[in-house]
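Below: protein-v2.cif (mmCIF, C-alpha atoms)
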data_data
#
loop_
_atom_site.label_atom_id
_atom_site.label_comp_id
_atom_site.auth_asym_id
_atom_site.auth_seq_id
_atom_site.Cartn_x
_atom_site.Cartn_y
_atom_site.Cartn_z
CA MET A 1 30.61 -40.52 208.91
CA THR A 2 30.18 -43.87 210.68
CA THR A 3 31.71 -44.99 213.93
CA ASN A 4 34.13 -47.12 211.90
CA ASP A 5 35.46 -43.96 210.20
CA VAL A 6 36.39 -42.31 213.49
CA GLY A 7 40.09 -42.67 214.22
CA ARG A 8 40.87 -44.14 210.83
CA SER A 9 44.43 -43.12 209.96
CA PRO A 10 45.13 -41.72 206.48
CA SER A 11 47.24 -43.65 204.00
CA ALA A 12 50.93 -42.83 203.82
CA ALA A 13 50.41 -40.83 200.64
CA GLY A 14 47.37 -39.06 202.04
CA GLY A 15 49.20 -38.34 205.27
CA ALA A 16 52.10 -36.73 203.41
CA GLU A 17 49.70 -34.57 201.41
CA LEU A 18 47.88 -33.47 204.54
CA ALA A 19 51.16 -32.68 206.29
CA ALA A 20 52.23 -30.57 203.31
CA LEU A 21 48.88 -28.77 203.36
CA TYR A 22 49.19 -28.14 207.11
CA ARG A 23 52.61 -26.57 206.65
CA LEU A 24 51.52 -24.53 203.64
CA LEU A 25 48.58 -23.07 205.57
CA THR A 26 50.79 -22.35 208.57
CA TRP A 27 53.64 -20.67 206.71
CA LEU A 28 51.39 -18.40 204.64
CA SER A 29 48.99 -17.52 207.43
CA PRO A 30 48.94 -13.90 208.68
CA ALA A 31 49.75 -15.40 212.09
CA PHE A 32 53.15 -16.67 210.88
CA PRO A 33 55.49 -14.14 212.51
CA ILE A 34 57.46 -12.63 209.65
CA GLY A 35 56.10 -9.10 210.13
CA GLY A 36 54.24 -8.79 206.84
CA PHE A 37 51.58 -6.60 208.48
CA SER A 38 54.09 -3.76 208.88
CA TYR A 39 54.73 -3.33 205.13
CA SER A 40 52.50 -1.87 202.42
CA SER A 41 54.75 -2.20 199.32
CA GLY A 42 54.23 1.48 198.48
CA ILE A 43 50.44 1.40 198.89
CA GLU A 44 50.64 3.93 201.71
CA TRP A 45 52.15 6.56 199.41
CA ALA A 46 49.68 5.68 196.62
CA VAL A 47 46.80 6.38 199.00
CA GLU A 48 48.28 9.71 200.10
CA ALA A 49 48.96 10.71 196.48
CA GLY A 50 45.34 9.98 195.54
CA ASP A 51 46.07 7.01 193.27
CA ILE A 52 44.06 4.73 195.56
CA ALA A 53 40.91 6.32 197.00
CA ASP A 54 38.37 3.48 197.03
CA ALA A 55 37.92 -0.25 196.58
CA ALA A 56 37.85 -0.06 192.79
CA ALA A 57 41.13 1.86 192.66
CA LEU A 58 42.77 -0.58 195.08
CA ARG A 59 41.60 -3.49 192.95
CA GLY A 60 43.05 -1.92 189.81
CA TRP A 61 46.35 -1.09 191.49
CA LEU A 62 46.77 -4.61 192.86
CA ALA A 63 45.76 -6.26 189.59
CA THR A 64 48.57 -4.38 187.87
CA MET A 65 51.06 -5.22 190.62
CA LEU A 66 50.15 -8.88 190.25
CA THR A 67 50.28 -9.14 186.48
CA ASP A 68 53.01 -6.65 185.59
CA GLY A 69 54.90 -5.98 188.81
CA SER A 70 56.37 -7.59 191.89
CA GLY A 71 53.58 -10.16 192.20
CA PHE A 72 54.53 -11.95 188.99
CA CYS A 73 58.28 -11.50 189.55
CA ASP A 74 58.21 -12.88 193.08
CA ALA A 75 56.04 -15.81 192.03
CA ALA A 76 58.45 -16.70 189.22
CA PHE A 77 61.46 -16.49 191.56
CA LEU A 78 59.64 -18.74 194.04
CA ALA A 79 59.06 -21.31 191.30
CA HIS A 80 62.70 -21.33 190.22
CA ALA A 81 63.97 -21.54 193.81
CA HIS A 82 61.61 -24.45 194.48
CA ARG A 83 62.81 -26.37 191.44
CA ALA A 84 66.49 -25.73 192.22
CA ALA A 85 66.08 -26.94 195.82
CA GLU A 86 64.03 -29.93 194.74
CA LEU A 87 66.82 -30.96 192.35
CA ASP A 88 69.51 -30.18 194.94
CA ASP A 89 71.06 -27.77 192.42
CA MET A 90 72.78 -25.34 194.79
CA THR A 91 74.51 -23.43 191.99
CA ARG A 92 71.14 -22.70 190.39
CA LEU A 93 69.61 -21.81 193.74
CA ARG A 94 72.37 -19.29 194.41
CA GLU A 95 71.89 -17.70 190.98
CA VAL A 96 68.12 -17.41 191.52
CA ALA A 97 68.62 -15.89 194.98
CA GLU A 98 71.09 -13.30 193.66
CA LEU A 99 68.87 -12.32 190.75
CA ALA A 100 65.78 -12.06 192.96
CA ALA A 101 67.61 -9.75 195.37
CA ALA A 102 68.83 -7.60 192.49
CA PHE A 103 65.30 -7.15 191.13
CA VAL A 104 64.07 -5.20 194.18
CA PRO A 105 63.54 -1.56 193.06
CA SER A 106 63.99 0.47 196.26
CA ARG A 107 65.66 0.50 199.67
CA GLU A 108 62.40 0.00 201.55
CA ARG A 109 61.28 -2.86 199.34
CA GLN A 110 64.73 -4.40 199.87
CA LEU A 111 64.20 -4.12 203.61
CA GLU A 112 60.72 -5.61 203.28
CA THR A 113 61.64 -8.70 201.31
CA THR A 114 64.99 -9.45 202.97
CA ALA A 115 63.64 -9.01 206.50
CA GLN A 116 60.71 -11.31 205.77
CA GLY A 117 63.01 -13.78 204.03
CA ARG A 118 65.35 -13.92 207.03
CA ALA A 119 62.43 -14.27 209.45
CA PHE A 120 60.88 -17.04 207.37
CA ILE A 121 64.13 -19.01 207.31
CA GLU A 122 64.84 -18.53 211.02
CA ILE A 123 61.34 -19.62 212.08
CA ALA A 124 61.53 -22.60 209.75
CA ARG A 125 64.86 -23.58 211.35
CA SER A 126 63.43 -23.22 214.84
CA ALA A 127 60.07 -24.91 214.42
CA TRP A 128 60.13 -26.70 211.06
CA ASN A 129 63.73 -27.70 210.50
CA CYS A 130 64.51 -30.38 207.94
CA ALA A 131 67.46 -32.09 206.31
CA GLY A 132 69.33 -29.92 203.85
CA LEU A 133 67.93 -26.56 204.98
CA ASP A 134 71.10 -25.25 206.62
CA GLU A 135 73.23 -26.35 203.69
CA ALA A 136 70.93 -24.70 201.15
CA VAL A 137 70.73 -21.43 203.09
CA ALA A 138 74.52 -21.35 203.38
CA GLN A 139 74.78 -21.27 199.58
CA CYS A 140 72.99 -17.91 199.37
CA ASP A 141 74.35 -14.55 200.47
CA VAL A 142 70.87 -12.97 200.54
CA ILE A 143 67.52 -14.76 200.58
CA VAL A 144 64.49 -12.64 199.76
CA TYR A 145 61.03 -13.72 200.88
CA PRO A 146 59.78 -15.58 197.75
CA VAL A 147 63.06 -17.50 197.49
CA ALA A 148 62.79 -18.45 201.16
CA VAL A 149 59.25 -19.76 200.65
CA GLY A 150 60.22 -21.72 197.55
CA LEU A 151 63.31 -23.21 199.19
CA VAL A 152 61.62 -24.28 202.42
CA GLY A 153 58.55 -25.54 200.58
CA ALA A 154 60.62 -27.77 198.31
CA LEU A 155 62.66 -29.25 201.16
CA HIS A 156 59.45 -30.09 203.02
CA GLY A 157 57.88 -31.72 199.99
CA VAL A 158 55.18 -29.09 199.42
CA PRO A 159 54.22 -29.28 195.73
CA LEU A 160 55.07 -26.19 193.70
CA GLU A 161 51.65 -25.37 192.26
CA PRO A 162 49.68 -25.10 195.54
CA LEU A 163 52.65 -23.35 197.15
CA LEU A 164 52.64 -20.78 194.36
CA HIS A 165 48.91 -20.17 194.60
CA GLY A 166 49.09 -19.94 198.37
CA PHE A 167 51.95 -17.44 198.20
CA LEU A 168 50.09 -15.15 195.79
CA HIS A 169 46.91 -15.38 197.84
CA ALA A 170 48.82 -14.42 201.00
CA LEU A 171 50.61 -11.59 199.20
CA THR A 172 47.35 -10.20 197.80
CA SER A 173 45.61 -10.53 201.16
CA ASN A 174 48.40 -8.62 202.88
CA TRP A 175 48.20 -5.82 200.29
CA ILE A 176 44.43 -5.62 200.76
CA SER A 177 44.85 -5.54 204.53
CA ALA A 178 47.18 -2.55 204.18
CA GLY A 179 44.77 -0.84 201.80
CA SER A 180 41.81 -1.45 204.07
CA ARG A 181 43.54 0.38 206.90
CA LEU A 182 44.77 3.24 204.73
CA VAL A 183 41.84 4.12 202.44
CA PRO A 184 40.04 2.94 204.67
CA LEU A 185 37.79 0.09 203.53
CA GLY A 186 35.29 -2.03 205.42
CA GLN A 187 35.67 -5.78 205.78
CA THR A 188 33.03 -6.54 203.14
CA ASP A 189 34.64 -4.26 200.54
CA SER A 190 38.02 -5.83 201.30
CA GLN A 191 36.60 -9.30 200.63
CA ARG A 192 35.02 -8.07 197.41
CA VAL A 193 38.43 -6.88 196.25
CA LEU A 194 39.97 -10.25 197.12
CA ALA A 195 37.19 -12.09 195.28
CA ALA A 196 37.56 -9.87 192.20
CA LEU A 197 41.30 -10.57 192.10
CA GLU A 198 40.88 -14.35 192.14
CA PRO A 199 41.18 -14.78 188.34
CA VAL A 200 44.16 -12.41 188.30
CA VAL A 201 45.93 -14.47 190.96
CA LEU A 202 45.18 -17.71 189.12
CA ALA A 203 46.47 -16.33 185.82
CA THR A 204 49.59 -14.89 187.45
CA ALA A 205 50.38 -18.20 189.14
CA ASP A 206 50.01 -20.09 185.86
CA ARG A 207 52.22 -17.59 184.04
CA ALA A 208 54.89 -17.72 186.76
CA LEU A 209 54.82 -21.50 186.75
CA HIS A 210 55.93 -21.55 183.11
CA ALA A 211 58.19 -18.48 183.06
CA SER A 212 61.90 -18.71 182.44
CA LEU A 213 64.29 -16.38 184.24
CA ASP A 214 64.54 -14.40 181.00
CA ASP A 215 60.77 -13.83 181.10
CA ILE A 216 60.89 -12.07 184.46
CA GLY A 217 60.43 -8.33 184.38
CA SER A 218 58.05 -5.60 185.52
CA ALA A 219 56.38 -2.55 184.01
CA THR A 220 54.89 -0.82 187.05
CA PHE A 221 56.76 2.48 187.14
CA ARG A 222 54.13 4.15 189.34
CA GLY A 223 54.39 1.30 191.85
CA ASP A 224 58.19 1.56 191.91
CA LEU A 225 57.91 5.31 192.32
CA ALA A 226 55.54 4.78 195.25
CA SER A 227 58.09 2.61 197.03
CA HIS A 228 60.75 5.33 196.55
CA ARG A 229 58.49 8.21 197.59
CA HIS A 230 57.39 6.39 200.71
CA GLU A 231 60.93 6.68 202.08
CA THR A 232 60.43 10.43 202.59
CA GLN A 233 56.70 10.43 203.30
CA TYR A 234 56.07 12.62 206.35
CA THR A 235 53.40 10.55 208.11
CA ARG A 236 53.75 6.80 207.87
CA LEU A 237 52.02 3.79 209.41
CA PHE A 238 54.01 1.23 207.43
CA ARG A 239 57.69 0.50 206.86
CA SER A 240 57.37 0.44 203.06
#

Full structure transcribed into structure tokens:
Amino acid sequence: MTTNDVGRSPSAAGGAELAALYRLLTWLSPAFPIGGFSYSSGIEWAVEAGDIADAAALRGWLATMLTDGSGFCDAAFLAHAHRAAELDDMTRLREVAELAAAFVPSRERQLETTAQGRAFIEIARSAWNCAGLDEAVAQCDVIVYPVAVGLVGALHGVPLEPLLHGFLHALTSNWISAGSRLVPLGQTDSQRVLAALEPVVLATADRALHASLDDIGSATFRGDLASHRHETQYTRLFRS
């Protein structure tokens, strides 16, 4: 870098891209206060039941959740919400929001995704408000977390593909964080799990990007059972 480069302002297009990146990193950071750290998506029961006992088992469980469970479903709902908001198609947005809420398999998972969705919207209104947000939110009776991320991202001009990848990375990281506290795992093993899941996240994002609403579905019965069993688990650190 030369002295002439210091203070050089980015082009309008570059500035918009950097602003979108800044918001993407902020919204999907663990520091963004939506309470994700208090949920395990059934992982806590899976650890107690012996399904997850080490890093390899956690990696296998999460890979399945990403490809055949809530990871893929949530990513696809995010994509459809983003497109509906981008096109200002409020009827489509409402349909996506209703379907996404109906897909949640248990009471605790419903609490998890709706509470985080509400928190995401409220914080966006308070700190990152933008034109059209209130009107779009008013069209939906319930907004689950992936729909909230897709909606807000679209209205702020965050491109769908990086938003989708960022969402799945944040989701996977939060699952690993829960697993690391429950198994427990060390920091290095946790990072190895995250690194091993990189191709799974990339493939899931690409599949969700091209999925129709009719393509959305899950086949993770054990994961759904875990979210139900957690409701009556005697000792719990997490809310789901």

Could you list, as an MDAnalysis selection string, every residue matched by the PyMOL selection byres ((chain A and resi 111) around 12) in this structure? chainID A and resid 35:36 38:41 101 104:110 112:119 142:145 227 231 239:240

Six-sided padding of 6 Å per side, axis-aligned box over region 26-43 of chain A, centre and edges in Å, one decimal, as JSON:
{"center_x": 53.2, "center_y": -10.4, "center_z": 205.5, "size_x": 20.5, "size_y": 35.8, "size_z": 26.0}

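We find CA of Ala16 (chain A) and CA of Gly132 (chain A) to be spaced 18.5 Å apart.
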
Run the PyMOL selection byres ((chain A and resi 63-80) around 9) mentally over the shown coordinates, then write out the matched residues as a ChimeraX atom specification, using the chain letters and numbers from the document. /A:58-62,81-85,92-93,96-97,99-100,103-104,145-151,160-161,163-165,167-168,171-172,197,200-201,203-205,207-213,215-221,223-224

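In this model, the gap between CA of Ala124 (chain A) and CA of Trp27 (chain A) comes to 8.7 Å.
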
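Checking A:Gly42, A:Gly153, A:Pro33, A:Pro184 one by one against Gly166 (chain A), counting all atoms listed in the file, you find the shortest gap at A:Gly153.
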
For CA of Asp51 (chain A) and CA of Ile34 (chain A), quote the distance in Å rounded to one decimal. 28.0 Å
